[in-house]
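Student: Handing over my_file.txt, compact mmCIF, C-alpha atoms.
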```txt
# COMPACT_ATOMS: atom_id res chain seq x y z
CA MET C 1 3.93 -67.89 4.43
CA LYS C 2 2.08 -66.10 7.25
CA ARG C 3 5.39 -65.66 9.09
CA LYS C 4 6.81 -63.90 6.00
CA TYR C 5 3.91 -61.43 5.89
CA ILE C 6 4.19 -60.78 9.63
CA LEU C 7 7.93 -60.17 9.32
CA THR C 8 7.36 -57.76 6.41
CA ALA C 9 4.70 -55.86 8.37
CA VAL C 10 6.91 -55.60 11.44
CA THR C 11 9.83 -54.38 9.33
CA ALA C 12 7.62 -51.71 7.74
CA ILE C 13 6.38 -50.53 11.14
CA ILE C 14 9.92 -50.33 12.52
CA THR C 15 11.05 -48.39 9.44
CA ILE C 16 8.22 -45.86 9.80
CA CYS C 17 9.01 -45.41 13.48
CA LEU C 18 12.70 -44.87 12.75
CA ILE C 19 11.85 -42.28 10.09
CA ARG C 20 9.56 -40.43 12.49
CA ILE C 21 12.18 -40.50 15.22
CA GLY C 22 14.77 -39.23 12.77
CA MET C 23 12.51 -36.45 11.55
CA HIS C 24 11.81 -35.42 15.12
CA PHE C 25 15.51 -35.54 15.95
CA PHE C 26 16.58 -33.42 12.98
CA GLN C 27 13.62 -31.04 12.99
CA THR C 28 14.55 -27.58 14.20
CA ASP C 29 12.51 -26.16 17.04
CA TYR C 30 11.86 -22.51 16.19
CA SER C 31 9.46 -21.81 19.03
CA SER C 32 12.19 -20.48 21.32
CA LYS C 33 14.12 -18.56 18.65
CA ASN C 34 14.20 -14.79 19.14
CA ILE C 35 15.25 -12.24 16.53
CA LYS C 36 15.48 -8.47 16.43
CA VAL C 37 13.50 -6.70 13.71
CA GLY C 38 14.26 -3.10 12.79
CA PHE C 39 12.00 -0.43 11.30
CA VAL C 40 13.03 2.86 9.69
CA TYR C 41 10.29 5.50 9.50
CA ILE C 42 10.18 8.83 7.72
CA GLY C 43 7.69 10.16 10.29
CA ASP C 44 6.15 9.08 13.56
CA SER C 45 2.74 8.11 14.89
CA GLY C 46 1.51 11.66 14.31
CA THR C 47 1.47 11.17 10.52
CA PRO C 48 -1.06 8.75 8.98
CA TYR C 49 1.48 7.22 6.56
CA THR C 50 3.96 6.22 9.26
CA ASN C 51 1.23 5.38 11.76
CA ASN C 52 -0.15 2.84 9.30
CA PHE C 53 3.23 1.06 9.31
CA ILE C 54 3.42 1.30 13.10
CA ARG C 55 0.00 -0.34 13.31
CA SER C 56 1.38 -3.32 11.38
CA GLN C 57 4.56 -3.34 13.48
CA ASN C 58 2.36 -3.62 16.58
CA GLU C 59 0.43 -6.49 15.00
CA LEU C 60 3.70 -8.24 14.21
CA GLU C 61 4.78 -7.89 17.84
CA LYS C 62 1.51 -9.48 19.00
CA TYR C 63 1.76 -12.27 16.43
CA TYR C 64 5.33 -13.16 17.42
CA SER C 65 5.28 -12.03 21.03
CA ASP C 66 7.74 -14.76 22.08
CA ASN C 67 10.05 -14.55 19.06
CA VAL C 68 10.51 -10.93 18.08
CA THR C 69 12.04 -7.83 19.60
CA THR C 70 11.46 -4.70 17.52
CA ILE C 71 13.60 -1.57 17.26
CA ALA C 72 12.21 1.50 15.48
CA LYS C 73 13.86 4.65 14.15
CA TYR C 74 11.49 7.60 13.71
CA ASN C 75 11.61 10.82 11.67
CA ILE C 76 14.51 9.63 9.52
CA PRO C 77 14.89 11.78 6.37
CA GLU C 78 15.34 9.99 3.07
CA ASP C 79 18.52 11.88 2.25
CA ASN C 80 20.15 11.13 5.60
CA CYS C 81 19.11 7.62 6.58
CA GLU C 82 22.35 5.63 6.53
CA THR C 83 23.35 6.28 10.13
CA ALA C 84 19.98 5.11 11.45
CA ILE C 85 20.00 1.93 9.37
CA ARG C 86 23.60 1.15 10.34
CA ASP C 87 22.60 1.50 13.97
CA LEU C 88 19.94 -1.17 13.47
CA VAL C 89 22.63 -3.40 11.97
CA ASP C 90 24.93 -2.74 14.92
CA GLN C 91 22.14 -3.54 17.38
CA GLY C 92 21.88 -7.03 15.92
CA CYS C 93 18.76 -6.88 13.77
CA SER C 94 18.29 -9.96 11.59
CA LEU C 95 15.58 -8.23 9.53
CA ILE C 96 15.21 -4.54 8.69
CA PHE C 97 12.17 -2.92 7.07
CA GLY C 98 12.55 0.37 5.20
CA THR C 99 9.24 2.19 4.85
CA SER C 100 9.86 5.14 2.53
CA PHE C 101 10.82 5.00 -1.15
CA GLY C 102 13.94 7.14 -0.73
CA TYR C 103 15.59 4.63 1.61
CA GLY C 104 15.94 2.06 -1.16
CA GLU C 105 19.41 2.94 -2.41
CA VAL C 106 20.99 2.93 1.06
CA MET C 107 19.09 -0.19 2.13
CA LYS C 108 20.48 -2.06 -0.87
CA LYS C 109 23.99 -0.72 -0.27
CA LEU C 110 23.93 -2.01 3.31
CA ALA C 111 22.49 -5.33 2.13
CA VAL C 112 25.65 -5.78 0.06
CA GLU C 113 27.76 -5.13 3.15
CA ASN C 114 25.69 -7.35 5.44
CA PRO C 115 24.74 -10.58 3.63
CA GLY C 116 23.57 -12.20 6.88
CA ILE C 117 20.79 -9.63 7.38
CA GLN C 118 17.54 -9.46 5.40
CA PHE C 119 16.60 -5.98 4.15
CA CYS C 120 13.02 -5.40 2.99
CA GLN C 121 12.13 -2.08 1.35
CA ALA C 122 8.52 -0.94 0.92
CA THR C 123 7.30 0.88 -2.23
CA CYS C 124 10.63 0.54 -4.05
CA SER C 125 11.39 -1.22 -7.34
CA ASN C 126 15.13 -1.95 -7.27
CA ALA C 127 15.27 -5.50 -5.89
CA ASN C 128 15.54 -7.07 -9.33
CA VAL C 129 18.02 -4.50 -10.64
CA GLU C 130 21.66 -5.60 -10.70
CA PRO C 131 23.16 -6.46 -8.37
CA VAL C 132 20.33 -8.80 -7.40
CA LEU C 133 20.89 -9.82 -3.79
CA SER C 134 19.43 -12.78 -1.93
CA ASN C 135 19.00 -10.58 1.15
CA TYR C 136 17.39 -7.51 -0.41
CA HIS C 137 13.66 -7.45 -1.17
CA THR C 138 10.94 -4.99 -2.18
CA PHE C 139 7.20 -5.13 -1.55
CA MET C 140 4.03 -3.06 -1.92
CA GLY C 141 0.26 -3.45 -1.79
CA ARG C 142 -1.88 -2.66 -4.82
CA ILE C 143 -3.27 0.55 -3.43
CA TYR C 144 -4.70 1.58 -6.80
CA GLN C 145 -7.47 -0.92 -6.07
CA GLY C 146 -8.45 0.89 -2.89
CA ARG C 147 -8.20 4.29 -4.55
CA TYR C 148 -10.47 3.13 -7.36
CA ILE C 149 -13.11 2.04 -4.83
CA SER C 150 -12.69 5.34 -2.94
CA GLY C 151 -13.41 7.07 -6.25
CA ILE C 152 -16.59 5.04 -6.67
CA VAL C 153 -17.72 6.06 -3.17
CA ILE C 154 -17.13 9.71 -4.07
CA GLY C 155 -18.86 9.24 -7.42
CA MET C 156 -21.93 7.82 -5.70
CA LYS C 157 -22.04 10.86 -3.42
CA LEU C 158 -21.72 13.23 -6.37
CA LYS C 159 -24.50 11.41 -8.20
CA GLU C 160 -26.70 11.67 -5.11
CA LEU C 161 -26.08 15.45 -5.04
CA ILE C 162 -26.87 15.68 -8.76
CA ASP C 163 -30.06 13.66 -8.36
CA GLN C 164 -31.08 15.91 -5.46
CA LYS C 165 -30.35 18.91 -7.70
CA LYS C 166 -27.90 20.30 -5.16
CA ILE C 167 -25.28 20.42 -7.92
CA THR C 168 -25.30 20.06 -11.69
CA PRO C 169 -23.07 17.54 -13.50
CA ASP C 170 -20.70 20.32 -14.62
CA MET C 171 -20.07 21.13 -10.93
CA ALA C 172 -18.54 17.67 -10.31
CA ARG C 173 -15.06 19.05 -9.75
CA ILE C 174 -12.42 17.19 -7.77
CA GLY C 175 -9.27 18.54 -6.18
CA TYR C 176 -6.40 16.18 -5.44
CA VAL C 177 -3.56 17.03 -3.06
CA ALA C 178 -0.60 14.96 -4.26
CA ALA C 179 2.94 14.67 -2.94
CA PHE C 180 5.25 14.27 -5.96
CA PRO C 181 4.81 13.62 -9.71
CA LEU C 182 5.88 9.99 -9.34
CA ALA C 183 4.31 6.92 -10.94
CA GLU C 184 3.07 5.79 -7.52
CA VAL C 185 1.16 9.06 -7.07
CA ILE C 186 -0.03 9.40 -10.67
CA SER C 187 -1.24 5.80 -10.73
CA GLY C 188 -3.14 6.41 -7.50
CA TYR C 189 -4.92 9.60 -8.46
CA THR C 190 -5.75 8.23 -11.90
CA ALA C 191 -7.33 5.13 -10.36
CA PHE C 192 -9.31 7.36 -8.00
CA PHE C 193 -10.51 9.55 -10.86
CA LEU C 194 -11.53 6.58 -12.99
CA GLY C 195 -13.54 5.28 -10.05
CA VAL C 196 -15.39 8.60 -9.83
CA CYS C 197 -15.98 8.67 -13.58
CA SER C 198 -17.43 5.16 -13.56
CA VAL C 199 -20.38 6.76 -11.72
CA VAL C 200 -20.23 10.41 -12.87
CA PRO C 201 -18.55 10.54 -16.29
CA GLU C 202 -18.73 14.35 -16.39
CA ALA C 203 -16.26 14.71 -13.49
CA LEU C 204 -13.02 16.65 -13.90
CA MET C 205 -10.01 16.74 -11.59
CA THR C 206 -7.28 19.23 -10.68
CA VAL C 207 -4.08 17.95 -9.08
CA SER C 208 -1.87 20.15 -6.88
CA TYR C 209 1.57 18.89 -5.86
CA THR C 210 3.00 19.64 -2.43
CA ASN C 211 6.53 18.44 -3.39
CA THR C 212 6.82 16.98 0.08
CA TRP C 213 5.47 13.81 1.63
CA SER C 214 4.43 15.26 4.92
CA ASN C 215 3.65 18.91 5.61
CA THR C 216 0.32 19.61 7.28
CA THR C 217 0.32 23.34 6.54
CA THR C 218 1.17 22.96 2.85
CA GLU C 219 -1.38 20.20 2.34
CA ARG C 220 -4.12 22.16 4.07
CA LYS C 221 -3.40 25.36 2.13
CA LEU C 222 -3.43 23.58 -1.23
CA ALA C 223 -6.74 21.93 -0.30
CA GLU C 224 -8.16 25.34 0.67
CA LYS C 225 -7.13 26.80 -2.71
CA LEU C 226 -8.76 23.91 -4.55
CA ILE C 227 -11.97 24.37 -2.56
CA ASP C 228 -11.92 28.12 -3.33
CA LYS C 229 -11.66 27.25 -7.03
CA GLY C 230 -14.91 25.31 -6.84
CA CYS C 231 -13.79 21.75 -6.05
CA ILE C 232 -16.48 20.01 -4.04
CA VAL C 233 -14.34 16.93 -3.41
CA ILE C 234 -10.81 16.85 -2.02
CA ALA C 235 -8.80 13.63 -2.12
CA GLN C 236 -5.17 13.10 -1.24
CA HIS C 237 -1.96 11.18 -1.67
CA SER C 238 -0.16 13.02 1.10
CA ASP C 239 0.72 11.98 4.61
CA THR C 240 -1.17 14.28 6.98
CA THR C 241 -4.76 15.14 7.82
CA GLY C 242 -4.32 18.68 6.47
CA PRO C 243 -6.66 18.21 3.49
CA ALA C 244 -9.35 16.63 5.69
CA THR C 245 -9.12 19.53 8.14
CA ALA C 246 -9.46 22.01 5.27
CA CYS C 247 -12.65 20.30 4.11
CA GLU C 248 -14.19 20.24 7.56
CA THR C 249 -13.42 23.91 8.17
CA ALA C 250 -14.77 24.94 4.77
CA SER C 251 -17.98 23.04 5.48
CA THR C 252 -18.68 23.87 9.12
CA ARG C 253 -17.28 27.38 9.28
CA ASP C 254 -17.80 28.68 5.76
CA GLY C 255 -20.88 26.69 4.76
CA LYS C 256 -19.31 25.26 1.60
CA LEU C 257 -20.43 22.00 0.04
CA VAL C 258 -17.34 19.79 0.08
CA PHE C 259 -16.42 16.16 0.82
CA HIS C 260 -13.18 14.32 1.38
CA ALA C 261 -11.47 10.99 0.63
CA GLY C 262 -8.49 10.04 2.80
CA TYR C 263 -5.45 7.79 2.86
CA ASN C 264 -3.73 5.53 5.38
CA GLN C 265 -6.18 6.05 8.24
CA THR C 266 -9.79 6.94 8.78
CA MET C 267 -10.08 10.73 8.95
CA THR C 268 -13.59 11.04 10.27
CA ASP C 269 -12.13 12.04 13.64
CA VAL C 270 -10.91 15.36 12.20
CA ALA C 271 -13.56 15.66 9.48
CA PRO C 272 -16.73 13.97 10.82
CA THR C 273 -19.14 15.78 8.47
CA THR C 274 -17.04 15.72 5.28
CA SER C 275 -14.68 12.71 5.17
CA LEU C 276 -16.44 9.88 3.35
CA ILE C 277 -13.91 7.05 3.06
CA SER C 278 -10.23 6.17 3.34
CA THR C 279 -8.05 3.40 1.99
CA ARG C 280 -4.71 1.99 3.03
CA ILE C 281 -2.16 -0.69 2.32
CA ASN C 282 -2.19 -3.38 4.98
CA TRP C 283 1.50 -4.10 5.59
CA THR C 284 0.85 -6.77 8.23
CA PRO C 285 0.75 -9.83 5.92
CA TYR C 286 4.20 -9.05 4.53
CA PHE C 287 5.71 -8.16 7.91
CA VAL C 288 4.48 -11.44 9.41
CA ALA C 289 5.54 -13.60 6.45
CA ALA C 290 9.00 -12.04 6.12
CA THR C 291 9.59 -12.47 9.84
CA GLU C 292 8.46 -16.09 9.70
CA ALA C 293 10.90 -16.69 6.85
CA VAL C 294 13.81 -15.24 8.82
CA ILE C 295 12.92 -17.22 11.94
CA LYS C 296 12.69 -20.45 9.92
CA GLU C 297 15.71 -19.55 7.78
CA LYS C 298 13.72 -19.73 4.55
CA LYS C 299 13.63 -17.49 1.49
CA ILE C 300 11.17 -14.67 2.15
CA GLU C 301 9.38 -15.02 -1.19
CA SER C 302 8.72 -18.70 -0.46
CA ILE C 303 6.60 -17.71 2.54
CA VAL C 304 4.83 -14.56 1.34
CA ASN C 305 1.33 -14.97 -0.11
CA ALA C 306 1.53 -12.57 -3.06
CA GLN C 307 2.43 -12.27 -6.70
CA ILE C 308 6.18 -12.78 -6.76
CA PHE C 309 8.57 -11.07 -9.18
CA GLY C 310 12.01 -12.39 -8.26
CA ASN C 311 12.82 -10.66 -4.96
CA ASP C 312 9.76 -8.42 -5.20
CA ALA C 313 6.26 -9.14 -3.85
CA GLY C 314 2.89 -7.46 -4.28
CA ALA C 315 -0.78 -8.19 -3.68
CA GLY C 316 -4.13 -6.50 -3.24
CA PHE C 317 -7.50 -7.37 -1.79
CA GLU C 318 -7.09 -11.03 -2.71
CA GLU C 319 -4.42 -11.50 -0.02
CA GLY C 320 -5.59 -8.84 2.42
CA TRP C 321 -2.93 -6.31 1.40
CA CYS C 322 -5.45 -3.51 0.82
CA ASP C 323 -8.17 -2.17 3.13
CA MET C 324 -11.14 0.16 2.86
CA ILE C 325 -11.58 2.00 6.15
CA GLY C 326 -13.61 4.76 7.75
CA LEU C 327 -16.75 4.64 5.65
CA ASN C 328 -18.86 7.50 6.98
CA LYS C 329 -22.34 5.97 6.82
CA LEU C 330 -23.92 9.20 8.08
CA ILE C 331 -23.11 11.02 4.85
CA ALA C 332 -22.40 8.28 2.30
CA ALA C 333 -24.89 7.69 -0.50
CA PRO C 334 -27.39 4.85 0.05
CA GLY C 335 -26.02 1.45 -0.96
CA THR C 336 -22.37 2.49 -0.69
CA LYS C 337 -21.34 -0.34 1.65
CA GLU C 338 -22.89 -2.94 -0.64
CA VAL C 339 -21.06 -1.52 -3.65
CA ILE C 340 -17.75 -1.53 -1.77
CA ASP C 341 -18.20 -5.18 -0.84
CA SER C 342 -19.11 -6.06 -4.41
CA LYS C 343 -16.07 -4.31 -5.88
CA ILE C 344 -13.72 -5.94 -3.38
CA LYS C 345 -15.08 -9.34 -4.43
CA GLN C 346 -14.48 -8.42 -8.07
CA PHE C 347 -10.90 -7.43 -7.34
CA LYS C 348 -10.37 -10.71 -5.51
CA SER C 349 -11.53 -12.60 -8.58
CA LYS C 350 -9.52 -10.31 -10.92
CA GLY C 351 -12.75 -9.08 -12.46
CA ILE C 352 -11.84 -5.38 -12.69
CA ILE C 353 -9.39 -3.65 -15.02
CA VAL C 354 -9.02 -0.11 -13.75
CA PHE C 355 -6.85 1.65 -16.32
CA GLU C 356 -9.05 1.58 -19.40
CA GLY C 357 -11.54 3.79 -21.18
CA ASN C 358 -11.85 6.52 -23.76
CA TYR C 359 -8.85 8.48 -22.48
CA MET C 360 -5.41 9.46 -23.71
CA GLY C 361 -2.61 9.53 -21.13
CA VAL C 362 0.55 11.58 -21.56
CA ASN C 363 3.81 11.00 -19.71
CA PRO C 364 4.46 14.33 -17.90
CA PHE C 365 8.20 13.95 -18.49
CA ASP C 366 7.99 12.86 -22.12
CA PRO C 367 5.16 14.33 -24.22
CA ASP C 368 5.91 11.82 -26.98
CA ASP C 369 5.09 8.94 -24.63
CA ILE C 370 1.32 8.53 -24.94
CA TRP C 371 -0.96 5.70 -23.82
CA ASN C 372 -4.42 5.20 -25.31
CA LEU C 373 -6.51 3.59 -22.57
CA LYS C 374 -8.67 1.92 -25.19
CA ASN C 375 -5.75 -0.48 -24.89
CA PRO C 376 -6.03 -1.33 -21.16
CA TYR C 377 -2.97 -0.74 -19.01
CA ILE C 378 -2.40 -3.62 -16.59
CA GLU C 379 -0.97 -2.14 -13.42
CA ASN C 380 1.56 -4.16 -11.39
CA ALA C 381 2.01 -6.64 -14.21
CA LEU C 382 5.81 -6.70 -13.80
CA GLN C 383 6.50 -5.33 -10.32
CA SER C 384 4.83 -4.50 -7.02
CA ALA C 385 5.46 -0.75 -7.31
CA PRO C 386 2.98 1.19 -9.47
CA SER C 387 4.17 1.98 -13.00
CA PHE C 388 1.25 3.86 -14.61
CA ASN C 389 2.77 7.27 -15.33
CA TYR C 390 0.35 9.05 -17.66
CA VAL C 391 -1.79 12.12 -16.98
CA LEU C 392 -5.18 11.84 -18.65
CA ARG C 393 -5.56 14.53 -21.27
CA ASP C 394 -8.48 16.98 -21.08
CA VAL C 395 -9.94 15.57 -17.85
CA ILE C 396 -7.07 15.89 -15.34
CA SER C 397 -5.16 19.16 -15.01
CA VAL C 398 -1.98 19.60 -12.98
CA GLU C 399 -0.99 22.72 -11.06
```
For this file, produce the structure as structure tokens.
Tutor:
Amino acid sequence: MKRKYILTAVTAIITICLIRIGMHFFQTDYSSKNIKVGFVYIGDSGTPYTNNFIRSQNELEKYYSDNVTTIAKYNIPEDNCETAIRDLVDQGCSLIFGTSFGYGEVMKKLAVENPGIQFCQATCSNANVEPVLSNYHTFMGRIYQGRYISGIVIGMKLKELIDQKKITPDMARIGYVAAFPLAEVISGYTAFFLGVCSVVPEALMTVSYTNTWSNTTTERKLAEKLIDKGCIVIAQHSDTTGPATACETASTRDGKLVFHAGYNQTMTDVAPTTSLISTRINWTPYFVAATEAVIKEKKIESIVNAQIFGNDAGAGFEEGWCDMIGLNKLIAAPGTKEVIDSKIKQFKSKGIIVFEGNYMGVNPFDPDDIWNLKNPYIENALQSAPSFNYVLRDVISVE
């Protein structure tokens, strides 16, 4: 009887050893695998929007220093990007990241032609539109969360000025330099405004469109006009430091009371006495996960930590896809840092609904399309790209 038990135990041990040997034999060693990863940029390191992507590219290179060779194409216009992307294909890239919305159509076209290459397009929403391709993906961080917190920071500063009797509530006027009348932009400036109004409900906002993503002169001039009209806050969804520079000049040279909220990078270097806070999408988690998936020959969405919609991925503070940066403690209202930390925790626990309140929103391209925010709008419920496309009646004006 004892011999039977011993024989069974020995057999089990041998079986386990054989399984482990087999697993080791068949397991792929990815540590020595090297791939080329391509990046297509609408600007270069001189523009905050592109520089934010470059920052994450650099972090990817450090993370996979032995596995990844990167190739970048800079200053590629959206309407003439095919040659640059094809060149990345010809250079042997296994993974290509597009970083501007307007690249999406060409990226998907080339994905059809090159099924062995993974194409990942930031800020776009066409991955789940037919034809759905296994090698074409979209992704974006929930930047409305960061803009909402930026608005709270600005609201706290306005309230401090009101409490100090430096301004009256009816002087709480905000100017917003915006690129295009797209859902991404409208969602962002609405979230920012609602953040301000959560602290100073009397605030009003004027939006001026540049109709370009990146033009320092245009952005600065529009900011200057908004300041001249009485705006004491300038925020932006545009790609340069032009608005921040306008605020700093108006303050230090002209003695005007004005503050600034930035995007993509801290702007206290160009506006040290006026820029209060910035926010950005952190692209690094997606870059790293998508690259890992390609190296390990897995589906990208199976690796990415995010909310997944088919071939589309999005996340916010809960997965580190959104950052608050450049808080200017020298001029921020007391307690601002603590409030920022508290709001980030709330976003992580899904405890904040931004798009709600006693407001009526009107679609700027269809006046019959109206959304009553007493019925909360859940942003990013169906896709990673923003979809809120309503201008709040009576409180936000558009120039």
Student: So the first atom is CA of Lys109 (chain C) and the second is CA of Tyr136 (chain C); what is the distance between them in Å, to one decimal place?
Tutor: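 Calculated distance between CA of Lys109 (chain C) and CA of Tyr136 (chain C) is 9.5 Å.
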Student: Taking all atoms listed in the file into account, which of C:Val270, C:Cys93, C:Val288, C:Leu226 comes nearest Thr70 (chain C)?
Tutor: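 Distance minimum relative to Thr70 (chain C) lands on C:Cys93.
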Student: Ranking C:Trp283, C:Tyr359, C:Val354, C:Met156 by minimum distance to Phe139 (chain C) and counting all atoms listed in the file, which one comes first?
Tutor: C:Trp283
Student: Pick the closest to Pro181 (chain C) from C:Val207, C:Leu373, C:Val304, C:Ile42: which is it, counting only C-alpha atoms?
Tutor: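 So, comparing all the options, the nearest one is C:Val207.
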Student: From the set C:Leu194, C:Ala261, C:Leu276, C:Cys120, which residue has the shortest atom-to-atom contact distance to Ala332 (chain C), counting all atoms listed in the file?
Tutor: C:Leu276
Student: Nearest to Gly316 (chain C): which of C:Gln145, C:Thr138, C:Asn126, C:Thr252 is it, counting all atoms listed in the file?
Tutor: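 Result for the nearest residue to Gly316 (chain C): C:Gln145.
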Student: Give me the residues within 9 Å of Ile340 (chain C) as a PyMOL selection string, counting only C-alpha atoms and dropping any in the same chain fewer than 5 places off.
Tutor: chain C and resi 149-150+152-153+324+335+345
Student: From the set C:Ala235, C:Met140, C:Ile154, C:Ile295, which residue has the shortest atom-to-atom contact distance to Tyr176 (chain C), counting only C-alpha atoms?
Tutor: C:Ala235
Student: Between CA of Thr47 (chain C) and CA of Thr268 (chain C), what distance in Å does the model show, to one decimal?
Tutor: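 Value for the CA of Thr47 (chain C)-CA of Thr268 (chain C) distance: 15.1 Å.
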Student: Please identify all polymer residues within 12 Å of Glu292 (chain C), counting only C-alpha atoms, omitting same-chain residues fewer than 3 positions from it, and present them as JSON, numbers by chain.
Tutor: {"C": [30, 31, 33, 34, 35, 37, 60, 63, 64, 67, 68, 94, 95, 285, 286, 287, 288, 289, 295, 296, 297, 298, 299, 300, 301, 302, 303, 304]}
Student: Between CA of Ser397 (chain C) and CA of Ala250 (chain C), measure the distance and give it in Å to one decimal.
Tutor: 22.7 Å
Student: Could you check which residues have any atom within 12 Å of (-5.2, -1.9, -25.8), counting only C-alpha atoms with coordinates taken straight from the file, and then list them as a ChimeraX atom specification?
Tutor: /C:353,355-360,371-378
Student: When you look at His137 (chain C) with a cut-off of 8 Å (counting only C-alpha atoms), what residues show up, excluding the ones that are within fewer than 3 positions of it in the same chain? I need them as an NGL selection string.
Tutor: :C and (118-121 or 127 or 134 or 311-312)
Student: Could those residues be written to a file, using C-alpha atoms, as a compact mmCIF listing (two decimals), in the frame of the given file?
Tutor:
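Here's the written file result11.txt:
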```txt
# COMPACT_ATOMS: atom_id res chain seq x y z
CA GLN C 118 17.54 -9.46 5.40
CA PHE C 119 16.60 -5.98 4.15
CA CYS C 120 13.02 -5.40 2.99
CA GLN C 121 12.13 -2.08 1.35
CA ALA C 127 15.27 -5.50 -5.89
CA SER C 134 19.43 -12.78 -1.93
CA ASN C 311 12.82 -10.66 -4.96
CA ASP C 312 9.76 -8.42 -5.20
```
Student: Show me, as a Markdown table, the residues of region 192-293 of chain C having an atom within 10 Å of region 157-167 of chain C, each with the closest atom pair and its distance in Å, using all atoms listed in the file.
Tutor:
```
| residue | atom | partner | partner_atom | distance |
| --- | --- | --- | --- | --- |
| C:Val196 | CA | C:Leu158 | CA | 8.6 |
| C:Val199 | CA | C:Lys159 | CA | 7.1 |
| C:Val200 | CA | C:Lys159 | CA | 6.4 |
| C:Ala203 | CA | C:Leu158 | CA | 9.1 |
| C:Ile232 | CA | C:Leu158 | CA | 8.9 |
| C:Val233 | CA | C:Leu158 | CA | 8.8 |
| C:Leu257 | CA | C:Lys166 | CA | 9.3 |
| C:Phe259 | CA | C:Lys157 | CA | 8.8 |
| C:Leu276 | CA | C:Lys157 | CA | 8.8 |
```
Student: Write out as JSON an axis-aligned box for region 333-351 of chain C: all of its atoms listed in the file, 4 Å added on each side, centre and edge lengths in Å with one decimal.
Tutor:
```
{"center_x": -18.5, "center_y": -2.5, "center_z": -5.4, "size_x": 25.9, "size_y": 28.3, "size_z": 22.1}
```
